[in-house]
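Q: Pasting query.cif here (mmCIF, C-alpha atoms):
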data_structure
loop_
_atom_site.label_atom_id
_atom_site.label_comp_id
_atom_site.auth_asym_id
_atom_site.auth_seq_id
_atom_site.Cartn_x
_atom_site.Cartn_y
_atom_site.Cartn_z
CA MET A 1 18.91 -13.59 6.12
CA ARG A 2 20.45 -10.24 6.93
CA ILE A 3 18.66 -7.44 8.77
CA ASP A 4 19.72 -3.86 8.23
CA GLN A 5 18.51 -1.04 10.43
CA GLN A 6 18.13 2.65 9.95
CA VAL A 7 16.47 5.48 11.85
CA MET A 8 14.00 7.78 10.12
CA ASN A 9 12.43 10.60 12.10
CA ASN A 10 13.42 8.82 15.31
CA ILE A 11 11.66 5.61 14.26
CA CYS A 12 13.64 2.38 13.95
CA VAL A 13 13.25 0.86 10.47
CA LEU A 14 14.21 -2.79 10.08
CA ILE A 15 15.07 -4.00 6.59
CA PRO A 16 15.28 -7.81 6.50
CA ARG A 17 16.80 -9.26 3.36
CA GLY A 18 16.37 -12.80 2.06
CA ARG A 19 14.19 -15.55 3.51
CA ILE A 20 12.30 -15.48 6.81
CA ASP A 21 11.56 -19.07 7.76
CA ALA A 22 12.05 -21.40 10.73
CA VAL A 23 15.81 -20.93 10.45
CA SER A 24 15.86 -17.15 10.49
CA ALA A 25 12.62 -16.29 12.35
CA PRO A 26 14.23 -16.34 15.84
CA ILE A 27 16.80 -13.75 14.68
CA PHE A 28 14.03 -11.68 13.12
CA GLN A 29 12.01 -11.77 16.36
CA GLU A 30 15.04 -10.83 18.43
CA GLN A 31 15.72 -7.82 16.23
CA LEU A 32 12.09 -6.76 16.40
CA THR A 33 11.97 -6.80 20.19
CA THR A 34 15.40 -5.53 21.20
CA GLY A 35 16.36 -1.92 21.66
CA ASP A 36 14.64 0.98 23.33
CA ASP A 37 12.23 1.72 20.49
CA ASP A 38 8.70 0.46 20.99
CA ASN A 39 7.64 1.77 17.57
CA LYS A 40 9.14 0.04 14.58
CA VAL A 41 8.70 -0.17 10.84
CA VAL A 42 9.57 -3.32 8.88
CA ASP A 43 10.45 -2.72 5.23
CA PHE A 44 9.76 -5.99 3.39
CA SER A 45 11.01 -4.85 -0.01
CA ASP A 46 14.00 -7.24 0.02
CA VAL A 47 12.27 -10.26 1.59
CA GLU A 48 12.05 -12.96 -1.05
CA PHE A 49 10.09 -15.49 1.02
CA MET A 50 8.32 -15.66 4.39
CA ASP A 51 6.47 -18.62 5.86
CA SER A 52 4.43 -19.07 9.04
CA SER A 53 7.54 -18.99 11.25
CA GLY A 54 8.30 -15.46 10.09
CA LEU A 55 4.69 -14.44 10.47
CA GLY A 56 4.62 -15.91 13.98
CA ALA A 57 7.73 -13.95 14.91
CA LEU A 58 6.18 -10.75 13.58
CA VAL A 59 2.88 -11.30 15.41
CA ALA A 60 4.57 -12.25 18.69
CA SER A 61 6.76 -9.16 18.51
CA THR A 62 3.78 -6.96 17.72
CA ARG A 63 1.89 -8.32 20.71
CA ARG A 64 4.86 -7.53 22.94
CA LEU A 65 5.37 -4.01 21.60
CA ARG A 66 1.66 -3.18 21.75
CA ALA A 67 1.66 -4.25 25.40
CA GLN A 68 4.32 -1.54 25.85
CA HIS A 69 2.12 0.94 23.94
CA GLY A 70 4.26 0.62 20.85
CA ASP A 71 3.53 -0.93 17.47
CA ILE A 72 4.99 -2.40 14.31
CA LYS A 73 4.01 -0.94 10.95
CA ILE A 74 4.60 -2.76 7.69
CA ALA A 75 5.97 -1.25 4.47
CA CYS A 76 6.67 -2.42 0.92
CA LEU A 77 4.82 -5.73 1.11
CA TYR A 78 5.19 -7.16 -2.36
CA ASP A 79 3.47 -10.14 -3.90
CA LYS A 80 5.14 -13.19 -2.40
CA VAL A 81 5.16 -11.98 1.18
CA ARG A 82 1.79 -10.29 0.83
CA ARG A 83 0.26 -13.65 -0.08
CA THR A 84 1.45 -15.14 3.23
CA PHE A 85 -0.32 -12.31 5.06
CA GLU A 86 -3.46 -12.61 2.98
CA LEU A 87 -3.78 -16.40 3.17
CA THR A 88 -3.78 -16.20 6.97
CA HIS A 89 -5.75 -12.91 7.05
CA ALA A 90 -2.86 -11.50 9.09
CA ASP A 91 -3.00 -8.43 6.85
CA ARG A 92 -5.91 -7.34 9.07
CA LEU A 93 -3.61 -7.20 12.09
CA PHE A 94 -1.23 -4.61 10.73
CA ASP A 95 -1.16 -1.16 9.23
CA ILE A 96 0.43 -1.75 5.83
CA TYR A 97 1.94 1.08 3.78
CA ASP A 98 3.21 1.24 0.23
CA ASP A 99 6.48 2.86 1.26
CA THR A 100 8.67 3.21 4.32
CA GLU A 101 8.28 6.99 4.58
CA ALA A 102 4.51 6.68 4.90
CA ALA A 103 4.86 3.99 7.57
CA VAL A 104 7.27 6.17 9.55
CA ARG A 105 5.02 9.24 9.20
CA SER A 106 2.08 7.25 10.54
CA PHE A 107 3.69 7.15 13.97
CA ALA A 108 3.67 10.94 14.24
CA PRO A 109 0.91 12.37 12.07
CA GLU A 110 0.66 15.42 14.28
CA LYS A 111 4.15 16.46 13.20
CA SER A 112 3.24 16.57 9.52
CA GLU A 113 3.37 20.04 7.98
CA MET B 1 3.80 -35.22 -19.25
CA ARG B 2 4.23 -37.41 -16.20
CA GLU B 3 7.43 -37.11 -14.21
CA ARG B 4 8.45 -38.12 -10.72
CA ILE B 5 11.19 -36.64 -8.57
CA THR B 6 12.16 -37.85 -5.10
CA LEU B 7 14.30 -36.17 -2.45
CA GLU B 8 15.58 -37.78 0.74
CA VAL B 9 16.28 -34.93 3.13
CA PRO B 10 17.76 -35.19 6.64
CA PRO B 11 15.23 -33.93 9.22
CA ASP B 12 17.21 -30.82 10.02
CA LEU B 13 16.30 -27.17 9.47
CA GLN B 14 19.61 -26.55 7.73
CA PHE B 15 17.96 -28.32 4.75
CA LEU B 16 14.74 -26.31 4.89
CA ARG B 17 15.72 -24.01 2.05
CA LEU B 18 16.73 -26.96 -0.10
CA ALA B 19 13.36 -28.66 0.47
CA SER B 20 11.22 -25.59 -0.09
CA THR B 21 13.07 -24.31 -3.14
CA ALA B 22 12.85 -27.82 -4.61
CA GLY B 23 9.09 -27.39 -4.24
CA ALA B 24 9.29 -24.06 -6.04
CA GLU B 25 11.33 -25.58 -8.87
CA ALA B 26 8.96 -28.54 -9.22
CA ALA B 27 6.09 -26.06 -9.49
CA ARG B 28 7.99 -24.03 -12.07
CA CYS B 29 8.64 -27.19 -14.11
CA THR B 30 4.95 -28.08 -13.93
CA ALA B 31 3.96 -24.67 -15.23
CA ILE B 32 6.54 -24.61 -18.00
CA ALA B 33 5.52 -28.10 -19.14
CA VAL B 34 2.01 -26.87 -19.85
CA GLY B 35 3.15 -23.61 -21.41
CA MET B 36 2.20 -21.32 -18.53
CA GLU B 37 5.51 -19.86 -17.50
CA LYS B 38 4.23 -16.80 -15.63
CA GLN B 39 3.06 -18.61 -12.52
CA ASP B 40 4.44 -16.74 -9.52
CA ALA B 41 1.43 -17.43 -7.29
CA PHE B 42 1.45 -21.14 -8.09
CA VAL B 43 5.19 -21.44 -7.49
CA HIS B 44 4.97 -19.50 -4.24
CA ALA B 45 2.06 -21.61 -2.96
CA VAL B 46 3.97 -24.86 -3.45
CA GLU B 47 7.18 -23.41 -1.97
CA LEU B 48 5.22 -22.24 1.06
CA ALA B 49 3.42 -25.57 1.53
CA VAL B 50 6.63 -27.59 1.32
CA SER B 51 8.36 -25.21 3.72
CA GLU B 52 5.56 -25.60 6.26
CA VAL B 53 5.29 -29.38 6.03
CA PHE B 54 9.06 -29.91 6.14
CA THR B 55 9.39 -27.54 9.13
CA ASN B 56 6.60 -29.43 10.87
CA ALA B 57 8.36 -32.75 10.27
CA VAL B 58 11.63 -31.43 11.69
CA LYS B 59 10.10 -29.70 14.71
CA HIS B 60 8.18 -32.80 15.76
CA LYS B 61 10.88 -35.36 15.15
CA HIS B 62 11.79 -37.85 17.83
CA ALA B 63 15.04 -37.46 19.70
CA SER B 64 16.27 -40.68 18.08
CA SER B 65 15.26 -39.66 14.59
CA HIS B 66 18.68 -38.93 13.11
CA ALA B 67 18.73 -42.16 11.13
CA TRP B 68 15.74 -41.46 8.90
CA ARG B 69 15.07 -38.99 6.13
CA VAL B 70 12.10 -36.87 5.19
CA MET B 71 10.96 -38.28 1.87
CA ILE B 72 9.61 -35.69 -0.53
CA HIS B 73 8.05 -36.92 -3.75
CA PHE B 74 6.97 -34.62 -6.56
CA ALA B 75 4.76 -35.99 -9.32
CA ILE B 76 4.00 -33.80 -12.31
CA ASN B 77 0.88 -35.03 -14.04
CA GLY B 78 -0.21 -32.62 -16.73
CA ARG B 79 -1.35 -29.43 -15.02
CA ILE B 80 -1.35 -31.01 -11.57
CA LEU B 81 1.62 -31.12 -9.23
CA GLU B 82 1.33 -33.66 -6.44
CA VAL B 83 3.67 -33.41 -3.46
CA VAL B 84 3.97 -36.24 -0.94
CA VAL B 85 5.98 -35.74 2.26
CA LYS B 86 6.68 -38.71 4.53
CA ASP B 87 8.09 -38.49 8.03
CA ARG B 88 8.68 -40.91 10.91
CA ASN B 89 6.92 -38.87 13.57
CA ARG B 90 3.98 -39.37 15.90
CA PRO B 91 0.53 -39.04 14.32
CA PHE B 92 -1.03 -35.66 13.80
CA ASP B 93 -4.49 -34.68 12.66
CA LEU B 94 -4.72 -32.04 9.96
CA ASP B 95 -8.31 -31.25 10.89
CA SER B 96 -7.37 -30.59 14.50
CA ALA B 97 -5.29 -27.59 13.45
CA PRO B 98 -7.54 -24.67 14.40
CA LYS B 99 -7.88 -21.50 12.42
CA PRO B 100 -5.76 -18.88 14.20
CA VAL B 101 -7.87 -16.48 16.25
CA LEU B 102 -6.22 -13.32 15.03
CA ASP B 103 -7.66 -11.01 17.69
CA THR B 104 -5.47 -12.74 20.25
CA LEU B 105 -2.32 -12.18 18.14
CA PRO B 106 -1.25 -15.84 18.26
CA ALA B 107 2.46 -16.40 17.69
CA SER B 108 1.96 -19.85 16.18
CA GLY B 109 -0.63 -22.07 14.56
CA TYR B 110 -0.46 -20.59 11.06
CA GLY B 111 1.50 -23.39 9.41
CA LEU B 112 -1.08 -26.07 8.61
CA PHE B 113 -3.69 -23.38 8.06
CA LEU B 114 -1.42 -21.89 5.40
CA VAL B 115 -0.85 -25.28 3.78
CA LYS B 116 -4.58 -25.93 3.50
CA HIS B 117 -5.14 -22.56 1.89
CA ALA B 118 -2.10 -22.61 -0.38
CA MET B 119 -2.83 -26.00 -1.97
CA ASP B 120 -5.97 -27.30 -3.70
CA THR B 121 -6.07 -30.53 -1.70
CA VAL B 122 -4.23 -31.69 1.43
CA MET B 123 -4.59 -35.07 3.09
CA VAL B 124 -2.74 -36.77 5.91
CA HIS B 125 -2.76 -40.48 6.48
CA ARG B 126 -0.86 -42.77 8.74
CA GLU B 127 1.45 -45.51 7.59
CA ALA B 128 3.11 -48.03 9.87
CA ASP B 129 6.10 -45.88 10.70
CA GLY B 130 5.00 -42.32 10.11
CA ASN B 131 2.80 -39.66 8.56
CA VAL B 132 2.18 -39.14 4.88
CA VAL B 133 1.09 -35.68 3.79
CA THR B 134 -0.30 -35.65 0.25
CA MET B 135 -0.90 -32.28 -1.38
CA ALA B 136 -1.84 -31.27 -4.88
CA LYS B 137 -2.27 -28.09 -6.84
CA MET B 138 -3.31 -27.41 -10.41
CA VAL B 139 -1.68 -24.76 -12.58
CA LYS B 140 -4.25 -22.23 -13.72
CA PRO B 141 -3.77 -19.17 -15.90
CA GLU B 142 -2.56 -16.26 -13.74
CA GLY B 143 -5.53 -14.29 -12.54
CA ALA B 144 -7.93 -17.24 -12.71
CA SER B 145 -9.62 -18.07 -9.41
#
Can the structure in the file be given as structure tokens, please?
A:
Amino acid sequence: MRIDQQVMNNICVLIPRGRIDAVSAPIFQEQLTTGDDDNKVVDFSDVEFMDSSGLGALVASTRRLRAQHGDIKIACLYDKVRRTFELTHADRLFDIYDDTEAAVRSFAPEKSE
Amino acid sequence: MRERITLEVPPDLQFLRLASTAGAEAARCTAIAVGMEKQDAFVHAVELAVSEVFTNAVKHKHASSHAWRVMIHFAINGRILEVVVKDRNRPFDLDSAPKPVLDTLPASGYGLFLVKHAMDTVMVHREADGNVVTMAKMVKPEGAS
């Protein structure tokens, strides 16, 4: 798995690529919880597979960032990964957006024109 | 069509992708054999279940467990794919795996819950030297419940 990062409107956007499983989940969690940004967006468009290890990393990171008054928003959750969320009902834990721009905007709705 | 495939996989996470994608390919073969090639949900469910059960076997292995292999058997029987995973670990009880309480944002505990929901049937029984997880799933037309 590779994780790219970009900044959109001062929000850190993580773009994991490949598989998020027990092998790669610790790296995923580290990337989610490092840095000064407590608000993050994860763009899942290039994730081909995610199991419970990836979901656990995402939930643990969300718990940590919410404790710091931050959050993680989810974008581009396509079929395979979406099923992992839905089977566990974890989709109820997150704000899920169709695209990254909408997820980023959700952190600062008051700035919208 | 009735076919059997067996993998002997070292209990190490470096082989997780091999095990889980073998599950996906066995599912794909099952679907193709009955003429239902568009079966993404079925293939994903089996890949997910094998990934979870193999990960569980590796994470709970004994310190002295380097000499054994996780045995993964696939049996294609018409529209039903049966997957049997054997380990050499201490007993575990499938029914004792609680449903994750999402309000508490639990970081773990989703694995066996996912397996039970991904597959049609899941059973665990104990043999003399380890656990045997037997799972099955039937190919259905995409969109059928």
Q: Using the chain letters and numbers from the file, give me the residues hit by the PyMOL selection byres ((chain B) within 12 of (chain A)), as JSON, numbers by chain.
A: {"B": [12, 13, 14, 15, 16, 17, 20, 21, 24, 39, 40, 41, 42, 43, 44, 45, 46, 47, 48, 49, 50, 51, 52, 53, 54, 55, 56, 57, 58, 59, 98, 99, 100, 101, 102, 103, 104, 105, 106, 107, 108, 109, 110, 111, 112, 113, 114, 115, 116, 117, 118, 119]}
Q: List as a PDB file with C-alpha atoms, in the coordinates of the input the protein and nucleic acid residues near Ile80 in chain B, meaning an atom at most 6 Å away when all atoms listed in the file are counted, but skip any in the same chain fewer than 3 places from it.
A:
ATOM      1  CA  ASN B  77       0.880 -35.030 -14.040  1.00  0.00           C
ATOM      2  CA  LYS B 137      -2.270 -28.090  -6.840  1.00  0.00           C
ATOM      3  CA  MET B 138      -3.310 -27.410 -10.410  1.00  0.00           C
TER       4      MET B 138
END
Q: What would the list of residues within 9 Å of (2.1, -5.6, 4.2) (file frame) look like as a list in words, if all atoms listed in the file are what count?
A: Asp43, Phe44, Lys73, Ile74, Ala75, Cys76, Leu77, Tyr78, Val81, Arg82, Phe85, Asp91, Phe94, Asp95, Ile96, Tyr97 and Asp98 of chain A
Q: Under the PyMOL selection byres ((chain B and resi 128) around 12), which residues of this model are included? Write them out as a list in words.
A: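 Residues picked by the PyMOL selection byres ((chain B and resi 128) around 12): Lys86, Asp87, Arg88, Asn89, Arg90, Pro91, His125, Arg126, Glu127, Asp129, Gly130, Asn131 and Val132 of chain B.
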Q: Using only C-alpha atoms, which of the listed residues (A:Val41, A:Glu48, A:Asp36, A:Gln5) sits closest to Arg17 in chain A?
A: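 Once distances to Arg17 in chain A are computed over only C-alpha atoms, the minimum belongs to A:Glu48.
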Q: Quote the spacing between CA of Arg4 in chain B and CA of Arg69 in chain B in Å to one decimal place.
A: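 Taking CA of Arg4 in chain B as the start and CA of Arg69 in chain B as the end point, the length is 18.1 Å.
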Q: For the point (13.7, 2.4, 10.8) in file coordinates, what residues are within 9 Å, counting only C-alpha atoms? Give the answer as JSON, numbers by chain?
A: {"A": [5, 6, 7, 8, 9, 10, 11, 12, 13, 14, 15, 40, 41, 42, 43, 100, 104]}
Q: What gap, in Å, lies between CA of Glu3 in chain B and CA of His73 in chain B?
A: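 These two atoms are separated by 10.5 Å.
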Q: Expressed in Å to a single decimal, how great is the separation between CA of Ser106 in chain A and CA of Asp4 in chain A?
A: 21.0 Å
Q: Please evaluate the PyMOL selection byres ((chain B and resi 83) around 9) against the structure above and give the resulting residues as a list of chain:residue names.
A: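 Evaluating the PyMOL selection byres ((chain B and resi 83) around 9) on these coordinates yields B:Gly23, B:Val46, B:Val50, B:Ile72, B:His73, B:Phe74, B:Ala75, B:Ile76, B:Leu81, B:Glu82, B:Val84, B:Val85, B:Val133, B:Thr134, B:Met135, B:Ala136, B:Lys137.
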Q: Just C-alpha atoms for this one: save the residues we selected as an mmCIF file, in the coordinates of the input.
A:
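What ended up in result.cif:
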data_model
loop_
_atom_site.group_PDB
_atom_site.id
_atom_site.type_symbol
_atom_site.label_atom_id
_atom_site.label_comp_id
_atom_site.auth_asym_id
_atom_site.auth_seq_id
_atom_site.Cartn_x
_atom_site.Cartn_y
_atom_site.Cartn_z
ATOM 1 C CA GLY B 23 9.090 -27.390 -4.240
ATOM 2 C CA VAL B 46 3.970 -24.860 -3.450
ATOM 3 C CA VAL B 50 6.630 -27.590 1.320
ATOM 4 C CA ILE B 72 9.610 -35.690 -0.530
ATOM 5 C CA HIS B 73 8.050 -36.920 -3.750
ATOM 6 C CA PHE B 74 6.970 -34.620 -6.560
ATOM 7 C CA ALA B 75 4.760 -35.990 -9.320
ATOM 8 C CA ILE B 76 4.000 -33.800 -12.310
ATOM 9 C CA LEU B 81 1.620 -31.120 -9.230
ATOM 10 C CA GLU B 82 1.330 -33.660 -6.440
ATOM 11 C CA VAL B 84 3.970 -36.240 -0.940
ATOM 12 C CA VAL B 85 5.980 -35.740 2.260
ATOM 13 C CA VAL B 133 1.090 -35.680 3.790
ATOM 14 C CA THR B 134 -0.300 -35.650 0.250
ATOM 15 C CA MET B 135 -0.900 -32.280 -1.380
ATOM 16 C CA ALA B 136 -1.840 -31.270 -4.880
ATOM 17 C CA LYS B 137 -2.270 -28.090 -6.840
#
Q: Please provide as a list in words all residues within 6 Å of Asp71 in chain A, with the sequence filter that same-chain residues fewer than 2 positions apart are discarded (counting all atoms listed in the file).
A: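 Within the cut-off, the hits are Asn39, Leu65 and Arg66 of chain A.
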Q: Which residue, B:Val70, B:Val122, B:Ala27, B:Ala22, has the smallest gap to Glu8 in chain B when you use only C-alpha atoms?
A: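 Going through B:Val70, B:Val122, B:Ala27, B:Ala22 one by one, the smallest distance to Glu8 in chain B is for B:Val70.
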